[in-house]
>>> print(open('entry03.txt').read())   # compact mmCIF, C-alpha atoms
# COMPACT_ATOMS: atom_id res chain seq x y z
CA MET J 1 0.00 0.00 0.00
CA GLN J 2 2.71 2.39 1.01
CA SER J 3 4.65 1.76 -2.16
CA ILE J 4 1.57 2.54 -4.28
CA LEU J 5 1.13 5.86 -2.48
CA LEU J 6 4.79 6.58 -2.92
CA PHE J 7 4.50 5.77 -6.60
CA LEU J 8 1.51 8.08 -7.00
CA TYR J 9 3.35 10.79 -5.07
CA ARG J 10 6.25 10.57 -7.48
CA LEU J 11 3.82 10.90 -10.38
CA ARG J 12 2.00 13.87 -8.82
CA ALA J 13 3.00 16.40 -11.50
CA PHE J 14 1.84 14.09 -14.25
CA LEU J 15 -1.44 13.34 -12.44
CA LEU J 16 -2.10 17.06 -11.95
CA PHE J 17 -1.38 17.59 -15.65
CA ILE J 18 -3.90 14.89 -16.61
CA PHE J 19 -6.47 16.33 -14.20
CA LEU J 20 -6.16 19.92 -15.48
CA GLU J 21 -6.11 18.73 -19.09
CA ALA J 22 -9.32 16.78 -18.40
CA ILE J 23 -10.95 19.93 -17.04
CA ALA J 24 -9.91 21.81 -20.19
CA ILE J 25 -11.34 19.13 -22.46
CA TRP J 26 -14.55 19.01 -20.45
CA LEU J 27 -14.83 22.80 -20.88
CA ILE J 28 -14.27 22.50 -24.64
CA VAL J 29 -16.90 19.80 -25.02
CA SER J 30 -19.52 21.39 -22.80
CA TYR J 31 -19.05 24.80 -24.41
CA ASN J 32 -19.43 23.39 -27.90
CA SER J 33 -23.21 23.44 -27.95
CA GLN J 34 -25.30 25.96 -29.81
CA GLN J 35 -27.10 27.23 -26.75
CA GLY J 36 -25.37 27.49 -23.45
CA SER J 37 -24.35 29.45 -20.45
CA ALA J 38 -22.49 32.63 -21.11
CA PHE J 39 -20.64 32.59 -17.83
CA PHE J 40 -17.33 31.16 -18.98
CA ASN J 41 -16.78 33.46 -21.95
CA SER J 42 -16.35 37.12 -22.75
CA ALA J 43 -19.96 37.82 -21.75
CA ASN J 44 -19.30 37.40 -18.04
CA GLN J 45 -19.23 40.40 -15.73
CA LEU J 46 -15.45 40.72 -15.38
CA SER J 47 -14.33 40.32 -18.96
CA GLY J 48 -17.42 42.16 -20.16
CA SER J 49 -16.58 45.28 -18.20
CA VAL J 50 -12.91 45.14 -19.28
CA LEU J 51 -14.00 44.88 -22.92
CA THR J 52 -16.49 47.74 -22.45
CA ALA J 53 -13.70 49.95 -21.16
CA GLN J 54 -11.52 49.03 -24.11
CA ASN J 55 -14.38 49.62 -26.54
CA ASN J 56 -15.12 53.06 -25.08
CA VAL J 57 -11.69 54.11 -26.35
CA ALA J 58 -11.67 52.14 -29.60
CA GLU J 59 -15.13 53.18 -30.77
CA TYR J 60 -13.94 56.68 -31.69
CA PHE J 61 -11.99 55.23 -34.57
CA SER J 62 -15.08 53.76 -36.21
CA LEU J 63 -17.48 56.67 -35.61
CA ALA J 64 -17.20 58.04 -39.16
CA THR J 65 -18.21 54.72 -40.78
CA VAL J 66 -20.97 54.16 -38.24
CA ASN J 67 -22.45 57.59 -38.97
CA LYS J 68 -22.28 57.06 -42.70
CA ASN J 69 -24.06 53.72 -42.45
CA LEU J 70 -26.73 55.18 -40.17
CA VAL J 71 -27.46 58.01 -42.60
CA GLU J 72 -27.78 55.53 -45.47
CA LYS J 73 -30.12 53.33 -43.43
CA ASN J 74 -32.18 56.36 -42.46
CA ALA J 75 -32.54 57.42 -46.07
CA GLU J 76 -33.65 53.90 -46.97
CA LEU J 77 -36.21 53.85 -44.15
CA LEU J 78 -37.51 57.29 -45.14
CA ALA J 79 -38.09 56.02 -48.67
CA GLU J 80 -39.86 53.00 -47.24
CA LEU J 81 -42.00 55.21 -45.00
CA GLU J 82 -43.12 57.21 -48.00
CA LYS J 83 -45.07 54.16 -49.20
CA TYR J 84 -47.15 54.10 -46.04
CA GLN J 85 -48.41 57.68 -46.24
CA LYS J 86 -52.16 57.39 -46.65
CA PRO J 87 -53.41 59.09 -49.76
CA ALA J 88 -56.49 61.23 -48.91
CA ASP J 89 -59.05 59.31 -50.89
CA SER J 90 -58.46 55.68 -49.98
CA VAL J 91 -59.71 53.12 -47.49
CA PHE J 92 -57.31 51.04 -45.38
CA ILE J 93 -58.03 47.66 -43.89
CA GLU J 94 -56.28 47.02 -40.57
CA LEU J 95 -54.61 43.64 -40.23
CA ASP J 96 -54.99 41.54 -37.11
CA SER J 97 -52.65 43.03 -34.50
CA VAL J 98 -51.28 39.57 -33.60
CA LEU J 99 -49.74 39.39 -37.08
CA LEU J 100 -48.48 42.97 -36.96
CA HIS J 101 -46.39 42.58 -33.87
CA SER J 102 -44.76 39.22 -34.37
CA PHE J 103 -41.21 40.66 -34.44
CA GLN J 104 -39.55 42.90 -31.86
CA PHE J 105 -36.33 44.79 -32.50
CA LYS J 106 -33.58 45.96 -30.14
CA GLY J 107 -30.20 47.65 -30.59
CA ALA J 108 -26.80 46.87 -29.06
CA LYS J 109 -23.12 47.69 -29.39
CA VAL J 110 -20.42 45.15 -30.28
CA ILE J 111 -17.64 45.11 -27.67
CA ASN J 112 -15.71 42.03 -28.77
CA ASN J 113 -15.41 40.37 -32.14
CA SER J 114 -13.20 37.93 -34.00
CA ILE J 115 -13.14 36.81 -37.62
CA ASN J 116 -10.01 34.71 -38.02
CA LEU J 117 -10.78 31.54 -36.08
CA SER J 118 -13.06 28.82 -37.39
CA GLN J 119 -15.58 29.39 -34.63
CA ASN J 120 -16.02 33.09 -34.10
CA PHE J 121 -18.09 34.80 -31.44
CA ILE J 122 -19.24 38.37 -30.86
CA THR J 123 -19.95 39.96 -27.49
CA LEU J 124 -22.66 42.61 -27.10
CA ASN J 125 -23.00 45.22 -24.37
CA LYS J 126 -26.62 44.31 -23.55
CA GLY J 127 -27.96 41.29 -21.73
CA ALA J 128 -30.92 39.78 -19.91
CA ASN J 129 -31.56 43.07 -18.07
CA HIS J 130 -32.20 44.76 -21.41
CA GLY J 131 -34.49 42.02 -22.68
CA ILE J 132 -31.99 40.06 -24.76
CA LYS J 133 -32.77 36.35 -24.88
CA GLU J 134 -31.06 33.22 -26.14
CA GLY J 135 -31.78 32.45 -29.77
CA MET J 136 -32.48 36.00 -30.96
CA GLY J 137 -31.28 36.87 -34.47
CA VAL J 138 -28.58 39.53 -34.88
CA PHE J 139 -28.12 41.72 -37.95
CA ASN J 140 -27.06 45.21 -38.93
CA GLU J 141 -27.96 47.54 -41.79
CA GLU J 142 -25.69 45.59 -44.13
CA GLY J 143 -26.93 42.08 -43.43
CA VAL J 144 -27.11 39.09 -41.10
CA ILE J 145 -24.49 38.93 -38.31
CA GLY J 146 -25.39 35.87 -36.22
CA ARG J 147 -27.52 34.46 -33.45
CA VAL J 148 -27.47 34.93 -29.66
CA LYS J 149 -25.87 31.93 -27.91
CA GLY J 150 -26.17 32.92 -24.29
CA VAL J 151 -26.84 35.93 -22.09
CA THR J 152 -25.70 37.16 -18.71
CA ARG J 153 -27.27 40.08 -16.89
CA ASN J 154 -25.46 42.81 -18.79
CA PHE J 155 -23.82 41.12 -21.77
CA ALA J 156 -24.69 38.71 -24.54
CA SER J 157 -22.57 36.25 -26.48
CA VAL J 158 -23.42 35.85 -30.16
CA ILE J 159 -22.48 33.04 -32.54
CA SER J 160 -21.13 34.95 -35.52
CA ILE J 161 -22.18 34.00 -39.05
CA LEU J 162 -18.46 33.19 -39.33
CA HIS J 163 -18.91 30.05 -37.22
CA THR J 164 -18.64 26.72 -38.99
CA ASP J 165 -21.62 25.24 -37.12
CA LEU J 166 -24.20 27.99 -37.67
CA LEU J 167 -26.81 27.36 -40.37
CA ILE J 168 -29.04 30.21 -41.49
CA SER J 169 -32.17 29.40 -43.42
CA SER J 170 -31.99 31.47 -46.60
CA LYS J 171 -33.36 31.83 -50.10
CA ILE J 172 -32.54 33.47 -53.42
CA ALA J 173 -34.60 36.66 -53.43
CA SER J 174 -35.61 36.62 -57.09
CA THR J 175 -36.51 32.95 -57.54
CA GLU J 176 -37.53 31.93 -54.00
CA VAL J 177 -35.24 28.90 -54.16
CA PHE J 178 -34.24 28.12 -50.61
CA GLY J 179 -31.14 26.66 -48.95
CA SER J 180 -28.95 27.08 -45.88
CA THR J 181 -26.08 29.52 -45.52
CA LYS J 182 -23.04 28.14 -43.72
CA TRP J 183 -19.49 29.44 -43.41
CA ASP J 184 -16.74 27.11 -44.63
CA GLY J 185 -14.04 28.55 -42.35
CA LYS J 186 -11.79 29.96 -45.05
CA ASP J 187 -12.38 33.57 -46.04
CA SER J 188 -14.32 35.95 -43.79
CA LYS J 189 -15.93 37.59 -46.85
CA TYR J 190 -17.44 34.44 -48.38
CA ALA J 191 -19.82 31.68 -47.25
CA LYS J 192 -21.51 28.69 -48.88
CA LEU J 193 -25.16 28.26 -49.80
CA LEU J 194 -25.99 24.61 -49.20
CA TYR J 195 -28.78 22.27 -50.27
CA VAL J 196 -29.69 23.95 -53.56
CA PRO J 197 -30.62 21.19 -56.02
CA ARG J 198 -28.74 20.84 -59.29
CA HIS J 199 -31.61 21.56 -61.64
CA VAL J 200 -32.10 25.09 -60.31
CA SER J 201 -30.63 27.83 -62.47
CA ILE J 202 -28.73 30.42 -60.49
CA GLN J 203 -27.08 33.54 -61.85
CA LYS J 204 -23.96 35.18 -60.53
CA GLY J 205 -25.01 38.26 -58.55
CA ASP J 206 -28.38 36.91 -57.36
CA GLN J 207 -29.26 38.27 -53.95
CA VAL J 208 -29.50 35.83 -51.02
CA VAL J 209 -31.80 36.81 -48.14
CA THR J 210 -33.18 35.15 -45.01
CA SER J 211 -36.15 32.90 -45.73
CA GLY J 212 -38.13 33.42 -42.55
CA TYR J 213 -38.69 29.68 -42.25
CA ASN J 214 -36.85 29.03 -39.02
CA ALA J 215 -38.47 31.93 -37.19
CA VAL J 216 -35.19 33.44 -36.00
CA PHE J 217 -35.04 36.16 -38.64
CA PRO J 218 -37.88 37.90 -40.39
CA GLU J 219 -38.06 37.28 -44.11
CA GLY J 220 -35.87 39.31 -46.45
CA ILE J 221 -32.83 40.42 -44.42
CA PRO J 222 -29.88 40.44 -46.83
CA ILE J 223 -27.16 37.82 -46.39
CA GLY J 224 -25.07 38.08 -49.55
CA HIS J 225 -24.75 37.87 -53.31
CA VAL J 226 -23.97 34.75 -55.30
CA SER J 227 -20.38 35.09 -56.45
CA GLU J 228 -19.67 31.64 -57.88
CA VAL J 229 -21.75 28.62 -58.94
CA LYS J 230 -19.99 25.30 -59.51
CA GLN J 231 -21.26 21.79 -60.17
CA GLY J 232 -19.22 20.52 -57.22
CA SER J 233 -18.58 16.96 -56.10
CA ASP J 234 -21.95 16.37 -54.46
CA THR J 235 -24.30 14.55 -56.81
CA ASN J 236 -27.45 16.24 -55.55
CA TYR J 237 -26.55 19.80 -54.77
CA LEU J 238 -24.79 22.75 -56.39
CA ASP J 239 -21.62 24.23 -54.88
CA ILE J 240 -22.55 27.89 -54.43
CA THR J 241 -20.29 30.54 -52.95
CA ILE J 242 -21.86 33.77 -51.75
CA GLU J 243 -20.19 37.03 -50.88
CA LEU J 244 -21.48 38.27 -47.52
CA THR J 245 -22.96 41.77 -47.56
CA ALA J 246 -22.05 42.43 -43.93
CA ASP J 247 -18.40 43.27 -43.35
CA LEU J 248 -17.79 41.27 -40.17
CA SER J 249 -14.41 42.89 -39.59
CA ARG J 250 -16.07 46.26 -38.98
CA VAL J 251 -19.36 45.65 -37.17
CA SER J 252 -19.94 48.19 -34.41
CA TYR J 253 -23.68 48.51 -33.82
CA VAL J 254 -26.20 45.73 -34.40
CA TYR J 255 -29.94 45.10 -34.17
CA LEU J 256 -31.47 42.11 -32.43
CA VAL J 257 -34.77 40.61 -33.48
CA GLU J 258 -37.08 38.43 -31.47
CA ASN J 259 -39.96 36.48 -32.92
CA ASN J 260 -42.86 36.50 -30.46
CA GLN J 261 -44.30 33.46 -32.14
CA GLU J 262 -41.13 31.39 -32.16
CA GLU J 263 -42.19 29.43 -29.10
CA GLU J 264 -45.51 28.52 -30.65
CA LEU J 265 -43.84 27.61 -33.92
CA ASN J 266 -41.25 25.43 -32.20
CA GLU J 267 -44.01 23.70 -30.25
CA LEU J 268 -45.78 22.92 -33.49
CA TYR J 269 -42.58 21.60 -35.03
CA GLN J 270 -41.79 19.51 -31.97
CA SER J 271 -45.23 17.97 -31.69
CA ASN J 272 -44.89 16.90 -35.30
CA GLY J 273 -41.33 15.67 -34.94
CA ILE J 274 -39.72 18.23 -37.26
CA SER J 275 -36.35 19.67 -36.31
CA ASN J 276 -36.21 23.39 -36.91
CA GLU J 277 -33.00 24.61 -38.55
CA MET R 1 10.42 31.51 -3.09
CA SER R 2 11.21 35.07 -2.13
CA SER R 3 8.35 37.56 -2.03
CA GLY R 4 10.15 39.82 -4.50
CA ARG R 5 10.21 37.08 -7.10
CA LEU R 6 6.58 36.18 -6.46
CA PHE R 7 5.70 39.84 -6.99
CA LEU R 8 7.59 39.96 -10.30
CA LEU R 9 5.91 36.75 -11.48
CA SER R 10 2.42 38.06 -10.69
CA ILE R 11 3.10 41.41 -12.39
CA GLY R 12 4.32 39.52 -15.46
CA PHE R 13 1.21 37.30 -15.42
CA ILE R 14 -1.15 40.27 -15.38
CA LEU R 15 0.83 42.23 -17.98
CA TYR R 16 1.02 39.32 -20.44
CA LEU R 17 -2.69 38.57 -19.99
CA ILE R 18 -3.83 42.16 -20.49
CA ILE R 19 -1.55 42.76 -23.49
CA GLN R 20 -2.66 39.47 -25.04
CA VAL R 21 -6.40 40.00 -24.76
CA LEU R 22 -6.62 43.73 -25.37
CA LEU R 23 -3.90 44.37 -27.96
CA LEU R 24 -2.55 41.21 -29.56
CA LYS R 25 -6.03 39.69 -30.01
CA ASN R 26 -6.59 42.19 -32.80
CA LEU R 27 -3.17 41.64 -34.35
CA VAL R 28 -3.59 38.88 -36.94
CA LEU R 29 -1.41 39.26 -40.01
CA PHE R 30 -3.14 38.39 -43.32
CA GLY R 31 -5.75 36.39 -41.40
CA THR R 32 -3.24 33.58 -40.80
CA ALA R 33 -0.43 34.71 -38.48
CA PHE R 34 -1.75 34.93 -34.93
CA CYS R 35 0.29 36.37 -32.08
CA PHE R 36 -0.06 34.20 -28.98
CA LEU R 37 2.72 35.93 -27.11
CA TYR R 38 1.45 34.78 -23.70
CA VAL R 39 3.18 31.44 -24.37
CA LEU R 40 6.47 33.29 -23.91
CA TYR R 41 5.52 33.98 -20.28
CA ILE R 42 5.33 30.25 -19.59
CA LEU R 43 8.59 29.63 -21.47
CA LEU R 44 10.42 32.27 -19.44
CA LEU R 45 9.36 31.03 -16.00
CA PRO R 46 12.44 30.42 -13.83
CA VAL R 47 14.19 27.09 -14.40
CA ASP R 48 13.92 25.94 -10.79
CA LEU R 49 10.14 26.51 -10.60
CA LYS R 50 8.59 23.09 -9.98
CA THR R 51 6.23 21.51 -12.49
CA ILE R 52 3.15 21.73 -10.27
CA PRO R 53 3.18 25.52 -9.73
CA SER R 54 3.99 26.10 -13.38
CA LEU R 55 1.05 23.87 -14.40
CA LEU R 56 -1.25 25.87 -12.15
CA ILE R 57 0.04 29.17 -13.55
CA ALA R 58 -0.46 27.86 -17.10
CA PHE R 59 -4.01 26.73 -16.27
CA PHE R 60 -5.12 30.11 -14.99
CA LEU R 61 -3.34 31.99 -17.77
CA GLY R 62 -5.04 29.74 -20.33
CA ILE R 63 -8.49 30.22 -18.76
CA GLY R 64 -7.94 33.99 -18.71
CA VAL R 65 -7.02 34.11 -22.39
CA ASP R 66 -9.87 31.74 -23.29
CA LEU R 67 -12.45 33.99 -21.62
CA PHE R 68 -11.63 36.84 -23.95
CA TYR R 69 -11.11 34.76 -27.09
CA ASP R 70 -14.42 32.88 -26.57
CA THR R 71 -12.56 29.62 -27.18
CA LEU R 72 -13.25 28.07 -23.82
CA GLY R 73 -10.73 25.38 -22.92
CA ILE R 74 -8.71 25.37 -26.14
CA HIS R 75 -5.98 27.80 -25.05
CA THR R 76 -6.00 26.12 -21.64
CA ALA R 77 -5.45 22.65 -23.07
CA SER R 78 -2.60 23.80 -25.34
CA ILE R 79 -0.75 25.93 -22.80
CA LEU R 80 -1.00 23.14 -20.20
CA ALA R 81 0.69 20.75 -22.62
CA VAL R 82 3.44 23.32 -23.26
CA SER R 83 3.96 23.83 -19.55
CA PHE R 84 4.20 20.09 -18.90
CA VAL R 85 6.52 19.31 -21.80
CA ARG R 86 8.69 22.29 -20.95
CA ALA R 87 9.93 20.70 -17.71
CA GLY R 88 11.29 17.64 -19.51
CA TRP R 89 12.55 19.67 -22.44
CA LEU R 90 14.58 21.89 -20.09
CA LYS R 91 16.14 18.79 -18.55
CA ILE R 92 17.14 17.48 -21.98
CA LEU R 93 18.65 20.82 -22.98
CA THR R 94 20.68 21.26 -19.78
CA PRO R 95 24.03 22.79 -20.72
CA THR R 96 27.24 21.26 -19.31
CA GLY R 97 27.54 22.47 -15.74
CA GLY R 98 23.75 22.74 -15.28
CA TYR R 99 21.52 25.75 -14.81
CA ASP R 100 22.04 28.36 -12.14
CA ASP R 101 19.27 28.57 -9.57
CA ASP R 102 16.35 30.84 -10.47
CA LEU R 103 17.74 31.35 -13.95
CA GLN R 104 15.36 32.70 -16.54
CA PRO R 105 15.81 30.61 -19.72
CA SER R 106 15.73 33.65 -22.01
CA MET R 107 17.66 34.39 -25.17
CA LEU R 108 19.78 37.00 -23.37
CA ASN R 109 20.87 34.53 -20.71
CA MET R 110 21.33 31.44 -22.86
CA GLY R 111 22.19 32.69 -26.35
CA PHE R 112 20.23 32.69 -29.58
CA GLY R 113 20.99 29.12 -30.71
CA TRP R 114 19.92 27.58 -27.40
CA PHE R 115 16.77 29.69 -27.27
CA LEU R 116 15.87 28.65 -30.82
CA THR R 117 16.08 24.93 -30.01
CA TYR R 118 14.27 25.53 -26.71
CA SER R 119 11.37 27.72 -27.82
CA LEU R 120 10.56 26.80 -31.40
CA PRO R 121 9.32 23.22 -30.72
CA LEU R 122 7.26 24.46 -27.78
CA PHE R 123 5.68 27.28 -29.80
CA LEU R 124 4.99 24.74 -32.55
CA LEU R 125 3.39 22.33 -30.07
CA HIS R 126 1.14 25.05 -28.70
CA HIS R 127 0.03 26.28 -32.10
CA PHE R 128 -0.47 22.76 -33.42
CA LEU R 129 -2.71 21.82 -30.49
CA PHE R 130 -4.61 25.10 -30.56
CA PHE R 131 -5.44 25.10 -34.25
CA TYR R 132 -6.00 21.35 -34.36
CA ILE R 133 -8.61 21.43 -31.56
CA GLU R 134 -10.08 24.66 -32.89
CA ASN R 135 -10.67 23.12 -36.32
CA LEU R 136 -11.91 19.70 -35.21
CA GLY R 137 -14.99 18.90 -37.23
CA THR R 138 -14.03 21.02 -40.21
CA ASN R 139 -12.15 19.65 -43.17
CA LEU R 140 -9.66 22.47 -43.57
CA TYR R 141 -6.17 21.05 -43.79
CA LEU R 142 -4.13 23.53 -45.80
CA PRO R 143 -5.41 26.67 -44.03
CA VAL R 144 -4.74 25.06 -40.65
CA VAL R 145 -1.17 24.11 -41.57
CA GLN R 146 -0.63 27.64 -42.86
CA LYS R 147 -1.94 29.12 -39.62
CA ILE R 148 0.26 26.83 -37.52
CA VAL R 149 3.47 27.55 -39.46
CA PHE R 150 3.05 31.28 -39.94
CA SER R 151 1.83 31.90 -36.39
CA THR R 152 4.80 29.98 -34.97
CA ILE R 153 7.27 32.02 -37.00
CA PHE R 154 5.48 35.26 -36.15
CA VAL R 155 5.39 34.54 -32.41
CA PHE R 156 9.04 33.51 -32.43
CA ILE R 157 10.09 36.80 -34.06
CA MET R 158 7.86 38.76 -31.68
CA SER R 159 9.30 36.93 -28.68
CA ILE R 160 12.85 37.88 -29.73
CA ILE R 161 11.86 41.53 -30.17
CA VAL R 162 10.09 41.58 -26.80
CA GLN R 163 13.11 40.07 -25.06
CA LEU R 164 15.50 42.54 -26.66
CA LEU R 165 13.32 45.49 -25.68
CA PHE R 166 11.97 44.61 -22.25
CA TYR R 167 14.20 41.98 -20.66
CA ARG R 168 17.52 42.45 -18.96
CA ARG R 169 20.47 40.16 -18.99
CA ARG R 170 21.12 38.52 -15.66
CA ARG R 171 23.69 40.51 -13.73
CA GLY R 172 27.04 38.97 -12.91
CA ILE R 173 27.38 36.71 -15.96
>>> encode(input="entry03.txt", output="structure tokens")
Amino acid sequence: MQSILLFLYRLRAFLLFIFLEAIAIWLIVSYNSQQGSAFFNSANQLSGSVLTAQNNVAEYFSLATVNKNLVEKNAELLAELEKYQKPADSVFIELDSVLLHSFQFKGAKVINNSINLSQNFITLNKGANHGIKEGMGVFNEEGVIGRVKGVTRNFASVISILHTDLLISSKIASTEVFGSTKWDGKDSKYAKLLYVPRHVSIQKGDQVVTSGYNAVFPEGIPIGHVSEVKQGSDTNYLDITIELTADLSRVSYVYLVENNQEEELNELYQSNGISNE
Amino acid sequence: MSSGRLFLLSIGFILYLIIQVLLLKNLVLFGTAFCFLYVLYILLLPVDLKTIPSLLIAFFLGIGVDLFYDTLGIHTASILAVSFVRAGWLKILTPTGGYDDDLQPSMLNMGFGWFLTYSLPLFLLHHFLFFYIENLGTNLYLPVVQKIVFSTIFVFIMSIIVQLLFYRRRRGI
């Protein structure tokens, strides 16, 4: 017995190494789910406040671009608003208010971002206290940014569209052909459009937008433009590369969208055994 | 361990961590060459520091870096391996006559050639583990090899510059 203890004592450094390494691997595995706690990442209170302090300094460098984008978005919205001015001599039919208010929008600031790894995350300066919830869609005026993974009280962690596990239900705007957008981990400006059958004709430059099928994003938020269509090695599907409209290296302010009916929709899917992605 | 040395070690820990997560996180050359300079802190721990404290230091440094990189566990796993291998590697590379007590195995103390053979394999190990785990489940081979090679070279050059600028040669040698 004593010699076993002595043996273990001599191996103590190695045993500690194995123990700590096991903790690290457990952390990797448990963190690698789509939805999860945001405690052990940059959304926790300590790192969140450090990043906020850093961002308070760094944001001055991007103010010019942010202002320019905001003015462009405002002009676009003003043009859109013009359509809803009631002409004097017409009758309007009100839609059911349940349908009108199915999406809610919120704004937040990006305080941490990465684009060079194969699984990138973004941290936002708003959290559960501001009404941010897990699973909300994130986009900015240029296009889709990602999806909320987890929230703490004051910060939120977002799976970036530049994450090799995130699928976004999308469609070609002009022809309504649908597929899933997924990043292939190579270039931060390009992603792949998967599951488009071979018989579909697709032109270079076609716009890809969100489909609205998986209830995370409303329909029609831009994702990218088709930049290359190849026959590819898969016998059923085309190999389509799209150029993302959102420049992930420069995101500073984002909008979050919540679908009030997502719960109901998911319930329907679940009761019928359909997985929603 | 003297309290002065403990103080210096803790200051170094905090400095490397802050510089890594606030400055060097944004420094990625051409999207492939990452600068994980915090590995240098582990490499430059004193020679006579036992394996157990250096493992613990590496663990907390790794967790700290992981928090800000949102790569929970990956930095920790790689830096732990470096810290464990380092002890044996130092023993293999012992110069004739042995190390002095509390010697810092830096380039200034040991010479460029020795530091090259000491640090390059350890940097390579760290970057290999990091990018390998990070890309598990994807089928990117060439980009990963590029990232490993270029990041290792980049960190090695940075570590030489940092030592020349901010480290002092041990007095009395």
>>> atom_distance(input="entry03.txt", atom1="atom CA of Glu134 of chain J", atom2="atom CA of Tyr31 of chain J")
14.8 Å
>>> closest_atom_pairs(input="entry03.txt", of="chain J", to="chain R", cutoff="7 Å", atoms="only C-alpha atoms", output="CSV")
residue,atom,partner,partner_atom,distance
J:Ala13,CA,R:Ile52,CA,5.5
J:Phe17,CA,R:Leu55,CA,6.8
J:Glu21,CA,R:Ala77,CA,5.6
J:Ala24,CA,R:Gly73,CA,4.6
J:Ile25,CA,R:Gly73,CA,6.3
J:Leu27,CA,R:Gly73,CA,5.3
J:Ile28,CA,R:Gly73,CA,4.9
J:Tyr31,CA,R:Leu72,CA,6.7
J:Phe40,CA,R:Leu67,CA,6.2
J:Asn41,CA,R:Leu67,CA,4.4
J:Ser42,CA,R:Phe68,CA,4.9
J:Ser47,CA,R:Phe68,CA,6.7
J:Asn116,CA,R:Gly31,CA,5.7
J:Ser118,CA,R:Asn135,CA,6.3
J:Phe121,CA,R:Asp70,CA,6.4
>>> closest_residue(input="entry03.txt", among="J:Lys68, J:Lys149, J:Lys83, J:Lys171", to="Ile221 of chain J", atoms="only C-alpha atoms")
J:Lys171
>>> atom_distance(input="entry03.txt", atom1="atom CA of Ser170 of chain J", atom2="atom CA of Pro222 of chain J")
9.2 Å
>>> axis_aligned_box(input="entry03.txt", around="segment 107-119 of chain R", padding_each_side="4 Å", output="lines of an AutoDock Vina configuration file")
center_x = 16.8
center_y = 31.0
center_z = -25.8
size_x = 18.8
size_y = 20.1
size_z = 18.1
>>> atom_distance(input="entry03.txt", atom1="atom CA of Ala75 of chain J", atom2="atom CA of Asn140 of chain J")
15.2 Å
>>> closest_residue(input="entry03.txt", among="J:Tyr190, J:Arg153, J:Gln231, J:Thr210", to="Val177 of chain J", atoms="all atoms listed in the file")
J:Thr210
>>> residues_near_point(input="entry03.txt", point="(-31.0, 39.7, -55.0)", cutoff="6 Å", atoms="only C-alpha atoms", output="JSON, numbers by chain")
{"J": [173, 174, 206, 207, 208]}
>>> residues_near_point(input="entry03.txt", point="(1.3, 25.5, -28.1)", cutoff="8 Å", atoms="only C-alpha atoms", output="list of chain:residue names")
R:Val39, R:Ser78, R:Ile79, R:Ala81, R:Val82, R:Leu122, R:Phe123, R:Leu124, R:Leu125, R:His126, R:His127, R:Phe128, R:Leu129, R:Phe130
>>> residues_around(input="entry03.txt", residues="Ala128 of chain J", least_positions_apart="3", cutoff="8 Å", atoms="only C-alpha atoms", output="list in words")
Gly131, Ile132, Lys133, Val151, Thr152, Arg153, Asn154, Phe155 and Ala156 of chain J
>>> write_last_selection(input="entry03.txt", atoms="C-alpha atoms", output="compact mmCIF listing (two decimals), keeping the file's coordinate frame")
# COMPACT_ATOMS: atom_id res chain seq x y z
CA GLY J 131 -34.49 42.02 -22.68
CA ILE J 132 -31.99 40.06 -24.76
CA LYS J 133 -32.77 36.35 -24.88
CA VAL J 151 -26.84 35.93 -22.09
CA THR J 152 -25.70 37.16 -18.71
CA ARG J 153 -27.27 40.08 -16.89
CA ASN J 154 -25.46 42.81 -18.79
CA PHE J 155 -23.82 41.12 -21.77
CA ALA J 156 -24.69 38.71 -24.54
>>> closest_residue(input="entry03.txt", among="J:Lys106, J:His130, J:Arg147, J:Lys73", to="Phe217 of chain J", atoms="all atoms listed in the file")
J:Arg147
>>> residues_around(input="entry03.txt", residues="Asn109 of chain R", least_positions_apart="2", cutoff="7 Å", atoms="only C-alpha atoms", output="ChimeraX atom specification")
/R:105-107,111,169-170
>>> write_last_selection(input="entry03.txt", atoms="C-alpha atoms", output="PDB file, keeping the file's coordinate frame")
ATOM      1  CA  PRO R 105      15.810  30.610 -19.720  1.00  0.00           C
ATOM      2  CA  SER R 106      15.730  33.650 -22.010  1.00  0.00           C
ATOM      3  CA  MET R 107      17.660  34.390 -25.170  1.00  0.00           C
ATOM      4  CA  GLY R 111      22.190  32.690 -26.350  1.00  0.00           C
ATOM      5  CA  ARG R 169      20.470  40.160 -18.990  1.00  0.00           C
ATOM      6  CA  ARG R 170      21.120  38.520 -15.660  1.00  0.00           C
TER       7      ARG R 170
END
>>> closest_residue(input="entry03.txt", among="J:Gly220, J:Lys186, J:Tyr269, J:Ser201", to="Leu142 of chain R", atoms="all atoms listed in the file")
J:Lys186
>>> residues_around(input="entry03.txt", residues="segment 7-14 of chain R", least_positions_apart="3", cutoff="10 Å", atoms="all atoms listed in the file", output="PyMOL selection string")
chain R and resi 2-4+17-20+38+41-42+45-46+57-58+60-61+64
